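Student: Dropping the structure in here first, questions after.
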Amino acid sequence: MTRATGSARLSCAVVVLDRSWRRSLPGAERLVRRAARAAFAGARRTARCSITVALADDAQVRALNARDRNKDKPTNVLSYPSGERGCLGDVVLARQTVWREAREQRKTAADHLAHLVVHGTLHLLGYDHETGEADARRMEALERRVLAKLGIDDPYA
């Protein structure tokens with residue numbers, strides 16, 4: 001029986017576009033679902049919604065980033081709001097960039113992946129860190145709270 005909580009109201013589909021995700025991080029799909037649902041619950045949303053998270057590689061994300069943001073380079077995470085009722089949208093992650101950043105920041109790949117899924121999900125929920133300092137502080141504070149509930153240290157420390 002599913003409890004009627006905010007986290008139980010988010011359906012999260014995971015599409016693995018780069019099979020290396022499964023080899024390099026077994027359980028990545030479960031982790032992605034858990035992080036997306038935690039972000040949804042942390043934002044205190046109660047409507048039933050869905051989200052799709054794509055686990056891609058740098059080349060795939062670079063192509064999307066060039067097409068959609070005019071930035072011809074890979075990035076760690078992209079968020080695409082859907083605009084459809086009941087569907088938040090899509091989050092796309094670049095495996096090589098996520099791994100490189102995790103090493104550089106001395107984090108586990110799993111913790112960094114969870115952070116980026118939370119971050120991307122919050123973007124789909126309307127949070128934005130690029131519109132001003134106050135918005136950035138608000139979004140980062142929520143990320144910290146959500147990640148703490150997942151047992152993950154402050155990614156901004």
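Ordering of the structure tokens sets the chain letters (A, B, ...), residue numbers begin anew at 1 in every chain, and ligands are numbered from 1 in the order given.
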Among segment 24-101 of chain A, which residues carry a DSSP assignment of helix (DSSP H, G or I), reported as a VMD selection string?

Tutor: chain A and resid 24 28 to 42 58 to 69 95 to 101

Student: Could you list, as a ChimeraX atom specification, every residue within 9 Å of Leu125 of chain A, counting only C-alpha atoms and ignoring same-chain residues fewer than 6 positions away?

Tutor: /A:40,43,45,81,88

Student: Write out as an NGL selection string all residues of segment 40-76 of chain A that DSSP puts in strand (DSSP E or B) for this structure's backbone.

Tutor: :A and (49-56)

Student: Looking at A:Arg9, A:Arg95, A:Arg23, A:Lys71, which one is nearest to Ala39 of chain A, with distances taken over only C-alpha atoms?

Tutor: A:Arg9

Student: From the set A:Thr121, A:Thr52, A:Ser24, A:Thr131, which residue has the shortest atom-to-atom contact distance to Asp90 of chain A, counting only C-alpha atoms?

Tutor: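 Between A:Thr121, A:Thr52, A:Ser24, A:Thr131, the residue approaching Asp90 of chain A most closely is A:Thr52.
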
Student: Show me a table, sorted first by chain and then by increasing residue number, of the residues of segment 5-48 of chain A having an atom at most 12 Å from segment 59-70 of chain A, each with its shortest atom pair and the distance in Å to one decimal, counting only C-alpha atoms and written as a Markdown table.

Tutor:
```
| residue | atom | partner | partner_atom | distance |
| --- | --- | --- | --- | --- |
| A:Val16 | CA | A:Gln60 | CA | 12.0 |
| A:Leu17 | CA | A:Gln60 | CA | 8.8 |
| A:Asp18 | CA | A:Gln60 | CA | 9.1 |
```

Student: When you look at segment 107-112 of chain A with a cut-off of 9 Å (counting only C-alpha atoms), what residues show up, excluding the ones that are within fewer than 6 positions of it in the same chain? I need them as a compact mmCIF listing (two decimals) with C-alpha atoms, in the first residue's frame.

Tutor:
```txt
# COMPACT_ATOMS: atom_id res chain seq x y z
CA LEU A 25 26.61 3.05 -11.00
CA ALA A 28 21.30 4.56 -10.68
CA LEU A 31 18.57 6.54 -6.97
CA VAL A 98 28.67 14.10 -13.70
CA TRP A 99 31.57 11.74 -12.96
CA ARG A 100 34.25 14.38 -13.64
CA GLU A 101 32.53 16.92 -11.39
CA LEU A 147 19.57 16.18 0.23
CA ILE A 152 23.67 13.51 1.55
CA ASP A 153 26.00 16.25 2.77
CA PRO A 155 26.83 20.08 -1.84
```

Student: Ranking A:Asn76, A:Tyr156, A:Ala136, A:Glu84 by minimum distance to Gln105 of chain A and counting only C-alpha atoms, which one comes first?

Tutor: A:Tyr156

Student: Which value, in Å to one decimal, gives the distance between atom CA of Val32 of chain A and atom CA of Val53 of chain A?

Tutor: 7.6 Å

Student: Out of A:Arg144, A:Ser20, A:Leu10, A:Gly120, which residue has the shortest atom-to-atom distance to Arg34 of chain A when counting only C-alpha atoms?

Tutor: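 Among the listed residues, A:Leu10 lies closest to Arg34 of chain A.
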